[in-house]
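Enquirer: Pasting a structure below so you can have a look.
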Amino acid sequence: MDTIIRSISRLLFPLMLLFGIYVALHGHLTPGGGFPAGAILGTAFAMLVISYTKKDVEYRLTHNKIIAVKSAAAIILLIIIIRMSYFIRDWLLQGQTLFSLWSGGFTPFANIAGSLMVMTAVMIIVYGVVRE
Amino acid sequence: MKIIAGVLLLLFGIFMAAVVIDPQFGVWENRDVTAYYLEQGAFETGSSNIVNAIVWDFRGYDTMGEETVLFTAAIGIVLIMGVGLHGHNHKKH
């Protein structure tokens with residue numbers, strides 16, 4: 001692509017990453033959550049892949065790493081969702097007021113794992129569609 | 001075979017009629033669970049975003065199914081388009 005698009009995407013990429021991480025971490029406090037955060041993060045990487053060539057991004061970010069992150073996020077999400085221990089949840093919730101950052105019990109971790117799942121799904125789809 | 005299909009169709013019809021008739025469409029006072037979510041959701045889950053509390057905590061299994069759909073889509077892309085199976089793409093650079 002153009003030099004203009006490359007420069008703008010290089011400037012915009014860390015901001016999008018930061019915004020996505022913010023939405024993922026504050027998903028249980030403000031509007032947002034795991035799916036929009038994953039969409040934002042995946043869009044950042046998709047923008048990078050489209051504006052640069054695929055090989056430039058693939059040098060650092062191989063498929064195996066993406067699939068490993070996706071599998072790890074899936075296992076973490078499985079453990080979080082199929083939990084039987086309300087003891088840990090009460091331990092996480094104790095001493096937290098309603099609007100503090102880690103006041104969600106399991107939901108912040110589920111948000112982070114879900115955002116990683118959606119992000120890697122978008123990245124895998126973009127990697128599959130974009131040739132060269 | 002036709003008898004089984006007829007019985008299944010009858011059961012489906014009864015089920016759909018029960019769904020349509022019993023809780024009237026748009027009347028939310030019939031359901032206790034919505035009022036419970038709205039009143040007690042923030043205190044039970046600790047998250048002030050009620051959508052997030054419902055999606056990731058009360059209806060966690062549903063969301064896990066959604067993520068399974070995403071996972072299956074990504075694995076299908078990997079298998080069909082053949083990306084990521086070579087493993088040496090980054091060495092050509």
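Ligands are numbered from 1 in the order shown, residues from 1 within each chain, and chains are lettered A, B, ... in the order they appear in the structure tokens.
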Compile the contact shell of A:Val129 as a PyMOL selection string: residues with an atom at most 12 Å away, counting only C-alpha atoms, same-chain residues fewer than 5 positions apart removed.

Expert: (chain A and resi 46+49-50+54+122-124) or (chain B and resi 74+77-78+80-83)

Enquirer: Any idea what's packed within 9 Å of B:Phe71, counting only C-alpha atoms, ignoring anything in its chain fewer than 5 positions away? Could you give it as a list in words?

Expert: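 The filter keeps Lys70, Ser71, Ala74, Met117, Val118 and Ala121 of chain A; Glu66 and Gly76 of chain B.
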
Enquirer: Pull N, CA and C atoms from the residues just selected and write them as a compact mmCIF listing (two decimals), in the first residue's frame.

Expert:
```
# COMPACT_ATOMS: atom_id res chain seq x y z
N LYS A 70 -4.80 -18.69 20.87
CA LYS A 70 -6.23 -19.01 20.80
C LYS A 70 -6.56 -20.23 21.64
N SER A 71 -5.72 -21.24 21.56
CA SER A 71 -5.99 -22.45 22.33
C SER A 71 -5.87 -22.18 23.83
N ALA A 74 -8.88 -20.36 24.93
CA ALA A 74 -10.04 -21.25 24.98
C ALA A 74 -10.02 -22.09 26.24
N MET A 117 -9.83 -14.59 22.36
CA MET A 117 -10.44 -15.53 21.42
C MET A 117 -10.91 -14.81 20.16
N VAL A 118 -11.64 -13.70 20.35
CA VAL A 118 -12.18 -12.98 19.19
C VAL A 118 -11.04 -12.37 18.37
N ALA A 121 -9.39 -15.01 16.34
CA ALA A 121 -10.27 -15.45 15.26
C ALA A 121 -10.20 -14.48 14.09
N GLU B 66 -20.82 -19.66 22.07
CA GLU B 66 -20.46 -18.67 21.04
C GLU B 66 -18.98 -18.71 20.73
N GLY B 76 -11.65 -24.15 11.02
CA GLY B 76 -12.07 -24.48 9.68
C GLY B 76 -11.33 -23.68 8.62
```

Enquirer: Have a look at A:Gly114, A:Ser51, A:Gly27, A:Phe35 and name the one nearest to A:Leu12; count only C-alpha atoms.

Expert: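 For A:Leu12, the nearest of the given residues is A:Ser51.
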
Enquirer: Of the residues B:Gln40, B:Ser47, B:Thr34, B:Gln24, which is the one nearest to A:Pro31, using only C-alpha atoms?

Expert: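 Of B:Gln40, B:Ser47, B:Thr34, B:Gln24, the one nearest A:Pro31, counting only C-alpha atoms, is B:Ser47.
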
Enquirer: Using only C-alpha atoms, I'd like every residue of chain A that has an atom within 7 Å of chain B; please write them out as a list in words.

Expert: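 Close to chain B, chain A has Gly27, His28, Leu29, Thr30, Pro31, Gly33, Lys55, Glu58, Tyr59, Thr62, His63, Asn64, Ile81, Leu93, Leu98, Phe99, Ser103, Gly104, Gly105, Thr107, Ala110, Ala121, Ile124, Ile125 and Gly128 of chain A.
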
Enquirer: Could you tell me how far atom CA of A:Gly38 sits from atom CA of A:Leu11, in Å to one decimal place?

Expert: 19.9 Å
